[in-house]
$ cat coords-v5.csv   # CSV, C-alpha atoms
chain,number,residue,atom,x,y,z
A,1171,MET,CA,19.1,130.5,95.8
A,1172,SER,CA,21.8,128.5,97.6
A,1173,ALA,CA,21.7,124.7,97.7
A,1174,PRO,CA,20.4,123.1,100.9
A,1175,THR,CA,23.1,122.4,103.5
A,1176,GLY,CA,22.0,118.7,103.8
A,1177,THR,CA,22.7,117.8,100.2
A,1178,SER,CA,25.9,115.7,99.7
A,1179,ASP,CA,28.6,116.2,97.1
A,1180,PRO,CA,28.3,113.7,94.2
A,1181,THR,CA,32.1,113.4,94.1
A,1182,ASP,CA,32.2,112.3,97.8
A,1183,ALA,CA,29.5,109.7,97.1
A,1184,ARG,CA,31.6,108.2,94.2
A,1185,ASP,CA,34.7,108.1,96.4
A,1186,ALA,CA,32.8,106.3,99.2
A,1187,ALA,CA,31.5,103.8,96.7
A,1188,ASP,CA,35.0,103.1,95.4
A,1189,LEU,CA,36.2,102.3,99.0
A,1190,THR,CA,33.4,99.8,99.6
A,1191,THR,CA,32.9,98.3,96.2
A,1192,PRO,CA,35.1,95.3,95.3
A,1193,PRO,CA,37.3,95.7,92.2
A,1194,PRO,CA,35.9,94.4,88.9
A,1195,ALA,CA,36.7,90.8,87.9
A,1196,GLY,CA,40.0,90.4,86.2
A,1197,SER,CA,41.6,93.5,87.6
A,1198,PRO,CA,45.1,93.1,89.1
A,1199,VAL,CA,45.3,92.5,92.8
A,1200,PRO,CA,48.4,93.7,94.7
A,1201,THR,CA,50.4,90.9,96.2
A,1202,PRO,CA,53.1,90.9,98.9
A,1203,SER,CA,55.8,90.3,96.2
A,1204,THR,CA,55.0,93.6,94.5
A,1205,SER,CA,56.1,96.9,95.9
A,1206,SER,CA,54.1,100.1,95.8
A,1207,ALA,CA,56.3,101.4,93.0
A,1208,GLY,CA,55.5,98.3,90.9
A,1209,GLU,CA,58.9,96.7,91.3
A,1210,SER,CA,59.0,93.0,92.1
A,1211,VAL,CA,60.6,92.1,95.4
A,1212,ARG,CA,62.7,88.9,95.1
A,1213,PRO,CA,62.0,86.2,97.7
A,1214,ALA,CA,64.7,85.2,100.1
A,1215,GLY,CA,65.1,81.8,98.4
A,1216,HIS,CA,65.9,83.4,95.1
A,1217,VAL,CA,68.4,85.7,96.7
A,1218,VAL,CA,70.2,82.8,98.4
A,1219,GLY,CA,70.1,80.8,95.2
A,1220,THR,CA,71.7,83.7,93.3
A,1221,ALA,CA,74.4,83.9,96.0
A,1222,LEU,CA,75.1,80.1,95.7
A,1223,TRP,CA,75.4,80.3,91.9
A,1224,ARG,CA,77.7,83.3,92.1
A,1225,ALA,CA,79.9,81.5,94.6
A,1226,PHE,CA,80.2,78.2,92.7
A,1227,ARG,CA,80.4,79.6,89.2
A,1228,PRO,CA,84.1,80.6,89.5
A,1229,LEU,CA,84.8,77.0,90.6
A,1230,LEU,CA,83.4,75.6,87.4
A,1231,VAL,CA,84.9,78.2,85.2
A,1232,SER,CA,88.3,77.8,86.8
A,1233,ALA,CA,88.3,74.0,86.4
A,1234,VAL,CA,87.5,74.3,82.7
A,1235,VAL,CA,90.1,77.0,82.1
A,1236,ALA,CA,92.8,75.2,84.0
A,1237,LEU,CA,92.3,72.0,82.0
A,1238,VAL,CA,92.3,73.8,78.7
A,1239,VAL,CA,95.5,75.8,79.6
A,1240,TRP,CA,97.1,72.6,80.9
A,1241,TRP,CA,96.6,70.6,77.8
A,1242,GLY,CA,97.3,73.5,75.5
A,1243,ALA,CA,100.7,74.3,77.2
A,1244,LEU,CA,101.9,70.7,77.0
A,1245,ALA,CA,101.0,70.6,73.4
A,1246,ALA,CA,102.3,74.1,72.4
A,1247,PHE,CA,105.7,73.7,74.1
A,1248,ASP,CA,106.1,70.0,73.2
A,1249,ILE,CA,107.1,69.1,76.7
A,1250,SER,CA,108.5,65.6,77.2
A,1251,PRO,CA,105.9,63.1,78.6
A,1252,PHE,CA,108.5,62.1,81.2
A,1253,ILE,CA,108.4,65.6,82.7
A,1254,GLY,CA,105.0,67.1,81.6
A,1255,LYS,CA,102.1,65.0,82.9
A,1256,THR,CA,98.6,65.3,81.5
A,1257,PRO,CA,95.4,65.5,83.5
A,1258,GLN,CA,94.9,61.8,82.7
A,1259,ASP,CA,98.2,61.0,84.2
A,1260,VAL,CA,97.4,62.8,87.4
A,1261,TRP,CA,93.9,61.1,87.5
A,1262,ALA,CA,95.5,57.7,87.2
A,1263,TYR,CA,98.1,58.6,89.8
A,1264,LEU,CA,95.5,59.5,92.4
A,1265,LEU,CA,92.6,57.3,91.5
A,1266,THR,CA,93.1,54.3,89.2
A,1267,ASP,CA,96.7,53.1,89.7
A,1268,PRO,CA,97.3,50.1,92.0
A,1269,ASP,CA,99.2,52.4,94.4
A,1270,ALA,CA,96.5,55.1,94.2
A,1271,ALA,CA,95.7,54.9,97.9
A,1272,THR,CA,99.3,55.3,98.9
A,1273,ASN,CA,99.7,58.2,96.5
A,1274,ARG,CA,96.7,60.0,97.9
A,1275,ALA,CA,98.1,59.6,101.4
A,1276,THR,CA,101.4,61.0,100.2
A,1277,ILE,CA,99.6,64.1,98.9
A,1278,ALA,CA,97.1,64.5,101.8
A,1279,GLY,CA,99.7,64.7,104.5
A,1280,PRO,CA,101.7,67.7,103.1
A,1281,LEU,CA,98.4,69.3,101.9
A,1282,GLY,CA,97.1,69.3,105.5
A,1283,VAL,CA,100.3,70.9,106.8
A,1284,THR,CA,100.1,73.6,104.1
A,1285,LEU,CA,96.5,74.4,104.8
A,1286,GLN,CA,97.4,74.9,108.5
A,1287,HIS,CA,100.2,77.2,107.6
A,1288,ALA,CA,98.0,79.1,105.2
A,1289,LEU,CA,95.3,79.5,107.9
A,1290,VAL,CA,97.8,81.0,110.3
A,1291,GLY,CA,99.1,83.4,107.7
A,1292,PHE,CA,95.5,84.3,106.6
A,1293,VAL,CA,94.3,85.0,110.1
A,1294,ALA,CA,97.4,87.0,111.0
A,1295,GLY,CA,97.3,89.1,107.8
A,1296,MET,CA,93.6,89.8,107.8
A,1297,ALA,CA,93.5,90.7,111.5
A,1298,ALA,CA,96.4,93.1,111.1
A,1299,ALA,CA,94.8,94.6,108.0
A,1300,LEU,CA,91.5,95.2,109.8
A,1301,VAL,CA,93.2,96.8,112.9
A,1302,VAL,CA,95.6,99.0,110.9
A,1303,GLY,CA,92.9,100.0,108.3
A,1304,ALA,CA,90.6,101.1,111.1
A,1305,ALA,CA,93.5,103.1,112.7
A,1306,PHE,CA,94.2,104.7,109.3
A,1307,VAL,CA,90.6,105.8,108.8
A,1308,VAL,CA,90.2,107.2,112.3
A,1309,ALA,CA,93.6,109.0,112.3
A,1310,ARG,CA,94.4,110.3,108.8
A,1311,SER,CA,97.8,111.6,110.0
A,1312,LEU,CA,98.8,108.0,111.0
A,1313,GLU,CA,98.1,106.8,107.5
A,1314,GLN,CA,100.2,109.6,105.9
A,1315,SER,CA,103.1,108.7,108.2
A,1316,LEU,CA,103.0,104.9,107.9
A,1317,MET,CA,101.5,104.1,104.5
A,1318,PRO,CA,104.7,105.0,102.6
A,1319,ILE,CA,106.7,102.7,104.9
A,1320,ALA,CA,104.2,99.9,104.3
A,1321,MET,CA,104.4,100.3,100.6
A,1322,LEU,CA,108.2,100.3,100.8
A,1323,LEU,CA,108.2,97.0,102.7
A,1324,ARG,CA,105.7,95.6,100.2
A,1325,SER,CA,108.2,96.3,97.4
A,1326,VAL,CA,110.9,94.1,99.0
A,1327,PRO,CA,110.7,90.5,97.7
A,1328,LEU,CA,109.6,88.0,100.3
A,1329,VAL,CA,112.5,85.7,99.4
A,1330,ALA,CA,114.9,88.5,100.4
A,1331,MET,CA,113.3,89.0,103.8
A,1332,THR,CA,113.0,85.4,104.6
A,1333,PRO,CA,116.5,84.9,106.1
A,1334,ILE,CA,115.9,87.9,108.5
A,1335,ILE,CA,112.5,86.6,109.4
A,1336,VAL,CA,113.8,83.1,110.1
A,1337,LEU,CA,116.6,84.5,112.3
A,1338,VAL,CA,114.2,86.6,114.3
A,1339,ALA,CA,111.1,84.4,114.5
A,1340,GLY,CA,112.7,81.0,114.1
A,1341,ARG,CA,111.5,78.2,111.9
A,1342,GLY,CA,108.2,77.5,113.7
A,1343,LEU,CA,104.8,79.2,114.0
A,1344,GLY,CA,106.3,82.6,114.3
A,1345,SER,CA,107.9,82.7,110.9
A,1346,ILE,CA,104.8,81.1,109.4
A,1347,ALA,CA,102.6,83.9,110.8
A,1348,VAL,CA,105.0,86.7,109.8
A,1349,MET,CA,105.7,85.5,106.3
A,1350,GLY,CA,102.1,84.5,105.5
A,1351,GLY,CA,100.8,87.7,107.1
A,1352,ILE,CA,103.0,89.8,105.0
A,1353,VAL,CA,101.6,88.3,101.8
A,1354,VAL,CA,98.1,88.8,103.0
A,1355,PHE,CA,98.4,92.1,104.8
A,1356,PHE,CA,99.2,94.6,102.1
A,1357,PRO,CA,96.5,93.8,99.5
A,1358,ALA,CA,93.9,93.4,102.2
A,1359,LEU,CA,94.9,96.7,103.8
A,1360,VAL,CA,94.1,98.7,100.6
A,1361,ASN,CA,90.6,97.1,100.3
A,1362,VAL,CA,89.8,97.5,104.0
A,1363,VAL,CA,90.7,101.2,104.0
A,1364,GLN,CA,88.7,101.9,100.9
A,1365,GLY,CA,85.7,100.1,102.3
A,1366,LEU,CA,85.8,101.8,105.6
A,1367,ARG,CA,86.0,105.2,103.9
A,1368,SER,CA,82.9,104.5,101.7
A,1369,VAL,CA,80.6,105.5,104.5
A,1370,PRO,CA,78.0,108.0,103.2
A,1371,PRO,CA,78.5,111.5,104.7
A,1372,THR,CA,74.8,111.7,105.7
A,1373,SER,CA,75.2,108.5,107.8
A,1374,ARG,CA,78.3,109.9,109.4
A,1375,ASP,CA,76.6,113.2,110.2
A,1376,LEU,CA,73.6,111.4,111.7
A,1377,VAL,CA,75.8,109.4,114.1
A,1378,HIS,CA,77.6,112.6,115.1
A,1379,ALA,CA,74.3,114.4,115.6
A,1380,TYR,CA,73.3,111.8,118.2
A,1381,GLY,CA,76.6,112.3,120.0
A,1382,GLY,CA,78.5,109.4,118.5
A,1383,SER,CA,82.3,109.5,118.1
A,1384,ASP,CA,84.4,108.5,115.1
A,1385,LEU,CA,84.7,105.0,116.7
A,1386,ALA,CA,80.9,104.8,116.9
A,1387,VAL,CA,80.7,105.7,113.2
A,1388,MET,CA,83.2,103.0,112.5
A,1389,ARG,CA,81.3,100.4,114.5
A,1390,ARG,CA,77.7,101.2,113.5
A,1391,VAL,CA,78.1,102.3,109.9
A,1392,GLY,CA,81.7,101.8,108.7
A,1393,ILE,CA,82.0,98.1,109.2
A,1394,PRO,CA,78.6,97.2,107.7
A,1395,THR,CA,79.2,99.4,104.8
A,1396,ALA,CA,82.7,98.0,104.3
A,1397,MET,CA,81.6,94.3,104.3
A,1398,PRO,CA,81.8,93.9,100.5
A,1399,ALA,CA,85.3,95.3,100.5
A,1400,ILE,CA,86.3,93.2,103.5
A,1401,PHE,CA,85.1,90.0,101.7
A,1402,ALA,CA,86.9,91.1,98.5
A,1403,ALA,CA,90.1,91.4,100.6
A,1404,ALA,CA,89.5,87.9,102.0
A,1405,ARG,CA,89.0,86.4,98.6
A,1406,ILE,CA,92.3,88.0,97.4
A,1407,SER,CA,94.0,86.9,100.6
A,1408,VAL,CA,93.2,83.1,100.3
A,1409,PRO,CA,95.5,82.4,97.3
A,1410,GLY,CA,98.1,84.8,98.9
A,1411,ALA,CA,98.0,82.9,102.1
A,1412,LEU,CA,98.7,79.6,100.3
A,1413,THR,CA,101.5,81.3,98.4
A,1414,GLY,CA,103.1,82.5,101.6
A,1415,ALA,CA,102.7,79.1,103.1
A,1416,LEU,CA,104.5,77.5,100.2
A,1417,VAL,CA,107.4,80.0,100.4
A,1418,VAL,CA,107.7,79.3,104.2
A,1419,GLU,CA,107.8,75.6,103.6
A,1420,TRP,CA,110.3,75.9,100.8
A,1421,LEU,CA,112.7,78.2,102.6
A,1422,ALA,CA,112.1,77.7,106.4
A,1423,THR,CA,110.1,74.9,107.8
A,1424,GLY,CA,111.0,72.0,105.5
A,1425,ASN,CA,107.6,70.4,105.5
A,1426,GLY,CA,104.3,70.8,103.7
A,1427,ILE,CA,103.7,70.8,99.9
A,1428,GLY,CA,106.4,73.5,99.3
A,1429,SER,CA,109.1,71.2,100.7
A,1430,GLN,CA,107.5,68.0,99.3
A,1431,ILE,CA,107.6,69.4,95.7
A,1432,LEU,CA,111.4,70.0,96.0
A,1433,LYS,CA,111.8,66.4,97.4
A,1434,ALA,CA,109.8,64.9,94.5
A,1435,ILE,CA,111.7,66.9,91.9
A,1436,GLY,CA,115.0,65.7,93.4
A,1437,GLY,CA,113.7,62.1,93.2
A,1438,PHE,CA,112.4,62.5,89.6
A,1439,ARG,CA,108.9,61.7,90.8
A,1440,TYR,CA,107.1,63.9,88.4
A,1441,ASP,CA,103.7,62.3,88.7
A,1442,GLU,CA,103.9,63.3,92.4
A,1443,VAL,CA,105.0,66.8,91.5
A,1444,TRP,CA,102.1,67.4,89.2
A,1445,ALA,CA,99.7,65.8,91.7
A,1446,LEU,CA,101.0,68.1,94.5
A,1447,ILE,CA,100.5,71.1,92.2
A,1448,VAL,CA,97.0,70.1,91.3
A,1449,ALA,CA,96.1,69.5,95.0
A,1450,VAL,CA,97.3,72.9,96.2
A,1451,THR,CA,95.7,74.7,93.2
A,1452,ALA,CA,92.4,72.9,93.8
A,1453,ALA,CA,92.5,73.8,97.4
A,1454,SER,CA,93.1,77.4,96.5
A,1455,VAL,CA,90.1,77.5,94.2
A,1456,VAL,CA,87.8,75.7,96.6
A,1457,LEU,CA,88.8,78.0,99.5
A,1458,TYR,CA,88.2,81.0,97.3
A,1459,THR,CA,84.8,79.7,96.4
A,1460,LEU,CA,83.9,79.1,100.0
A,1461,VAL,CA,84.8,82.7,100.9
A,1462,GLY,CA,82.6,83.8,98.0
A,1463,LEU,CA,79.8,81.6,99.2
A,1464,LEU,CA,80.1,83.1,102.7
A,1465,GLU,CA,80.0,86.5,101.2
A,1466,GLY,CA,76.9,85.8,99.2
A,1467,LEU,CA,75.1,84.4,102.3
A,1468,VAL,CA,76.1,87.4,104.5
A,1469,LEU,CA,75.0,89.9,101.9
A,1470,ALA,CA,71.8,88.0,101.2
A,1471,ARG,CA,71.0,88.4,104.9
A,1472,TYR,CA,72.1,92.0,105.4
A,1473,ALA,CA,72.3,93.6,102.0
A,1474,PRO,CA,70.2,91.6,99.5
A,1475,HIS,CA,70.1,94.6,97.0
A,1476,ARG,CA,73.8,94.0,96.3
A,1477,LEU,CA,73.0,90.6,94.9
A,1478,ALA,CA,70.5,91.9,92.3
A,1479,THR,CA,71.2,90.8,88.8
$ encode --input "coords-v5.csv" --output "structure tokens"
Amino acid sequence: MSAPTGTSDPTDARDAADLTTPPPAGSPVPTPSTSSAGESVRPAGHVVGTALWRAFRPLLVSAVVALVVWWGALAAFDISPFIGKTPQDVWAYLLTDPDAATNRATIAGPLGVTLQHALVGFVAGMAAALVVGAAFVVARSLEQSLMPIAMLLRSVPLVAMTPIIVLVAGRGLGSIAVMGGIVVFFPALVNVVQGLRSVPPTSRDLVHAYGGSDLAVMRRVGIPTAMPAIFAAARISVPGALTGALVVEWLATGNGIGSQILKAIGGFRYDEVWALIVAVTAASVVLYTLVGLLEGLVLARYAPHRLAT
């Protein structure tokens, strides 16, 4: 005989009890910091802290390595104390000597000029790299035509091109932008092109499926995907921009640290020479660190998974 239709299934009764009965004491309770797959989700503060540490760690490491190499080179090559100054000598020149305030002013003025020149070259080179890189990605034939010419120009020493650049652009802001931009442009271009080409094919097809053009793919998917590569190009370009500025000052403008070093060497002011070198090196490391800090903060906001350790 069949069972009555009003009888309930025991399994259904157990399931209903499980939904209404609280879990036993001591059982784990899911928290917002735990995903459904059991993986912990790091809070925003931890991600930002990781970004800060990753940004400032190179600064500390660079300072230690520079001091060790500095002392080691002076000792290994037995450089005369009249020419080779130790970190203690530079510290005294800038901070403890009676004329330390005057010495710092002597360094600060050329350093400010050099930083301005480096900024001009950095902006010019990075802007050109972004525009040309986007054009290369959109029009592959354009890259095949112009990239060999760009690499050929890259192989020409900047010192050899300087007289022509100065004749064409003068000794002012134009030559600074051109020469600094050349140093920044070529390494940045390679990184930018690789970053823009790293768009997943599925994302590109999705934008095209909704009627988007190649420019829409570039704007909506390409640039966000290429942000790590763009920041890598910026980090590489910061020391390059300072190098370009020093070359401009040495060969063209006659001011800034590049020119001041030559004047100090001619006057046998070797304390000043080493202090100028330390100042521009420290500025390069600090600027590199600031770009890394900006990268960490941006990725912590838009791509926190890239900061996972």
$ residues_around --input "coords-v5.csv" --residues "stretch 1434-1441 of chain A" --least-positions-apart "6" --cutoff "9 Å" --atoms "all atoms listed in the file" --output "list in words"
Phe1252, Ile1253, Gly1254, Lys1255, Asp1259, Val1260 and Tyr1263 of chain A
$ residues_around --input "coords-v5.csv" --residues "A:Ile1400" --least-positions-apart "5" --cutoff "8 Å" --atoms "all atoms listed in the file" --output "short mmCIF file (atom, residue, chain, number, x, y, z; two decimals) with C-alpha atoms, keeping the file's coordinate frame"
data_model
loop_
_atom_site.label_atom_id
_atom_site.label_comp_id
_atom_site.auth_asym_id
_atom_site.auth_seq_id
_atom_site.Cartn_x
_atom_site.Cartn_y
_atom_site.Cartn_z
CA ALA A 1358 93.90 93.40 102.20
CA ASN A 1361 90.60 97.10 100.30
CA VAL A 1362 89.80 97.50 104.00
CA GLY A 1365 85.70 100.10 102.30
#
$ closest_residue --input "coords-v5.csv" --among "A:Asn1273, A:Leu1337, A:Leu1416, A:Phe1292" --to "A:Trp1261" --atoms "all atoms listed in the file"
A:Asn1273
$ atom_distance --input "coords-v5.csv" --atom1 "atom CA of A:Met1388" --atom2 "atom CA of A:Met1349"
29.2 Å
$ closest_residue --input "coords-v5.csv" --among "A:Pro1280, A:Pro1371, A:Gly1466, A:Pro1394" --to "A:Ile1431" --atoms "all atoms listed in the file"
A:Pro1280
$ residues_near_point --input "coords-v5.csv" --point "(109.8, 72.6, 97.4)" --cutoff "10 Å" --atoms "all atoms listed in the file" --output "ChimeraX atom specification"
/A:1416-1421,1424-1436,1443
$ residues_around --input "coords-v5.csv" --residues "A:Gly1350" --least-positions-apart "2" --cutoff "12 Å" --atoms "all atoms listed in the file" --output "PDB file with C-alpha atoms, in the frame of the given file"
ATOM      1  CA  THR A1284     100.100  73.600 104.100  1.00  0.00           C
ATOM      2  CA  LEU A1285      96.500  74.400 104.800  1.00  0.00           C
ATOM      3  CA  GLN A1286      97.400  74.900 108.500  1.00  0.00           C
ATOM      4  CA  HIS A1287     100.200  77.200 107.600  1.00  0.00           C
ATOM      5  CA  ALA A1288      98.000  79.100 105.200  1.00  0.00           C
ATOM      6  CA  LEU A1289      95.300  79.500 107.900  1.00  0.00           C
ATOM      7  CA  VAL A1290      97.800  81.000 110.300  1.00  0.00           C
ATOM      8  CA  GLY A1291      99.100  83.400 107.700  1.00  0.00           C
ATOM      9  CA  PHE A1292      95.500  84.300 106.600  1.00  0.00           C
ATOM     10  CA  VAL A1293      94.300  85.000 110.100  1.00  0.00           C
ATOM     11  CA  ALA A1294      97.400  87.000 111.000  1.00  0.00           C
ATOM     12  CA  GLY A1295      97.300  89.100 107.800  1.00  0.00           C
ATOM     13  CA  MET A1296      93.600  89.800 107.800  1.00  0.00           C
ATOM     14  CA  ALA A1298      96.400  93.100 111.100  1.00  0.00           C
ATOM     15  CA  LEU A1328     109.600  88.000 100.300  1.00  0.00           C
ATOM     16  CA  THR A1332     113.000  85.400 104.600  1.00  0.00           C
ATOM     17  CA  ILE A1335     112.500  86.600 109.400  1.00  0.00           C
ATOM     18  CA  LEU A1343     104.800  79.200 114.000  1.00  0.00           C
ATOM     19  CA  GLY A1344     106.300  82.600 114.300  1.00  0.00           C
ATOM     20  CA  SER A1345     107.900  82.700 110.900  1.00  0.00           C
ATOM     21  CA  ILE A1346     104.800  81.100 109.400  1.00  0.00           C
ATOM     22  CA  ALA A1347     102.600  83.900 110.800  1.00  0.00           C
ATOM     23  CA  VAL A1348     105.000  86.700 109.800  1.00  0.00           C
ATOM     24  CA  ILE A1352     103.000  89.800 105.000  1.00  0.00           C
ATOM     25  CA  VAL A1353     101.600  88.300 101.800  1.00  0.00           C
ATOM     26  CA  VAL A1354      98.100  88.800 103.000  1.00  0.00           C
ATOM     27  CA  PHE A1355      98.400  92.100 104.800  1.00  0.00           C
ATOM     28  CA  PHE A1356      99.200  94.600 102.100  1.00  0.00           C
ATOM     29  CA  SER A1407      94.000  86.900 100.600  1.00  0.00           C
ATOM     30  CA  VAL A1408      93.200  83.100 100.300  1.00  0.00           C
ATOM     31  CA  PRO A1409      95.500  82.400  97.300  1.00  0.00           C
ATOM     32  CA  GLY A1410      98.100  84.800  98.900  1.00  0.00           C
ATOM     33  CA  ALA A1411      98.000  82.900 102.100  1.00  0.00           C
ATOM     34  CA  LEU A1412      98.700  79.600 100.300  1.00  0.00           C
ATOM     35  CA  THR A1413     101.500  81.300  98.400  1.00  0.00           C
ATOM     36  CA  GLY A1414     103.100  82.500 101.600  1.00  0.00           C
ATOM     37  CA  ALA A1415     102.700  79.100 103.100  1.00  0.00           C
ATOM     38  CA  LEU A1416     104.500  77.500 100.200  1.00  0.00           C
ATOM     39  CA  VAL A1417     107.400  80.000 100.400  1.00  0.00           C
ATOM     40  CA  VAL A1418     107.700  79.300 104.200  1.00  0.00           C
ATOM     41  CA  GLU A1419     107.800  75.600 103.600  1.00  0.00           C
TER      42      GLU A1419
END
$ atom_distance --input "coords-v5.csv" --atom1 "atom CA of A:Ile1393" --atom2 "atom CA of A:Leu1463"
19.4 Å
$ atom_distance --input "coords-v5.csv" --atom1 "atom CA of A:Gly1382" --atom2 "atom CA of A:Ala1470"
28.3 Å
$ residues_around --input "coords-v5.csv" --residues "stretch 1305-1322 of chain A" --least-positions-apart "2" --cutoff "8 Å" --atoms "all atoms listed in the file" --output "ChimeraX atom specification"
/A:1301-1303,1324-1326,1356,1363,1366-1367,1384-1385
$ closest_residue --input "coords-v5.csv" --among "A:Thr1423, A:Phe1226, A:Ala1246, A:Val1231" --to "A:Gly1340" --atoms "only C-alpha atoms"
A:Thr1423
$ residues_around --input "coords-v5.csv" --residues "A:Ala1236" --least-positions-apart "3" --cutoff "12 Å" --atoms "all atoms listed in the file" --output "mmCIF file with C-alpha atoms, in the frame of the given file"
data_model
loop_
_atom_site.group_PDB
_atom_site.id
_atom_site.type_symbol
_atom_site.label_atom_id
_atom_site.label_comp_id
_atom_site.auth_asym_id
_atom_site.auth_seq_id
_atom_site.Cartn_x
_atom_site.Cartn_y
_atom_site.Cartn_z
ATOM 1 C CA PRO A 1228 84.100 80.600 89.500
ATOM 2 C CA LEU A 1229 84.800 77.000 90.600
ATOM 3 C CA LEU A 1230 83.400 75.600 87.400
ATOM 4 C CA VAL A 1231 84.900 78.200 85.200
ATOM 5 C CA SER A 1232 88.300 77.800 86.800
ATOM 6 C CA ALA A 1233 88.300 74.000 86.400
ATOM 7 C CA VAL A 1239 95.500 75.800 79.600
ATOM 8 C CA TRP A 1240 97.100 72.600 80.900
ATOM 9 C CA TRP A 1241 96.600 70.600 77.800
ATOM 10 C CA GLY A 1242 97.300 73.500 75.500
ATOM 11 C CA ALA A 1243 100.700 74.300 77.200
ATOM 12 C CA THR A 1256 98.600 65.300 81.500
ATOM 13 C CA PRO A 1257 95.400 65.500 83.500
ATOM 14 C CA ILE A 1447 100.500 71.100 92.200
ATOM 15 C CA VAL A 1448 97.000 70.100 91.300
ATOM 16 C CA THR A 1451 95.700 74.700 93.200
ATOM 17 C CA ALA A 1452 92.400 72.900 93.800
ATOM 18 C CA VAL A 1455 90.100 77.500 94.200
#
$ closest_residue --input "coords-v5.csv" --among "A:Leu1244, A:Arg1405, A:Ala1297, A:Trp1223" --to "A:Gly1351" --atoms "all atoms listed in the file"
A:Ala1297
